[in-house]
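Novice: For reference, the structure I am asking about is given below.
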Amino acid sequence: MKIPIRVPCLIALIFSLSALQSPVWAYNANPAYEWIMQQLFSPDAEQLYREQHGLVFIYAGLTDQDVENALDQNFDRIEAMMFVATIHTDADGNVLRDADTGAVETDGGC
């Protein structure tokens, strides 16, 4: 059974909106994060087909290290990826927080 392209887009939007609300969700052991990472690093044939036919998947709330790895490992798929609310980390992968507010540091945009 083929899933209409609208369903994955809706799922991506829901995950994206939740990540914008609380960007640390990606760093917790969250099934949504695992699903997003699977879409990013091990897409099935259906996902690749959608990407080749114009689907742009929005990845929200990933760490800057996740994004860098994705871009390095999936160069041929870059045009089908958008990253928002990327979480900043230090060299050890620890999430960076604002010294004054304690809020997680993100790029906040695309």
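Labeling convention for the structure tokens: chains A, B, ... as they appear, residues from 1 per chain, ligands from 1 in order of appearance.
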Write out as a list in words each polymer residue whose atoms come within 9 Å of Phe83 of chain A, counting only C-alpha atoms; drop sequence neighbours fewer than 2 positions from it.
Specialist: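 Everything that qualifies: Phe57, Ile58, Tyr59, Ala60, Gly61, Leu62, Val67, Met81, Ala85, Thr86, Gly109 and Cys110 of chain A.
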Novice: Applying 10 Å and only C-alpha atoms, which residues near Val95 of chain A remain after dropping the ones on its own chain fewer than 6 positions away? List them as a PyMOL selection string.
Specialist: chain A and resi 24+27+63-64+87-89+104-106
Novice: Could you please determine the separation between atom CA of Asp107 of chain A and atom CA of Met82 of chain A in Å, to one decimal place?
Specialist: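 Taking atom CA of Asp107 of chain A as the start and atom CA of Met82 of chain A as the end point, the length is 12.9 Å.
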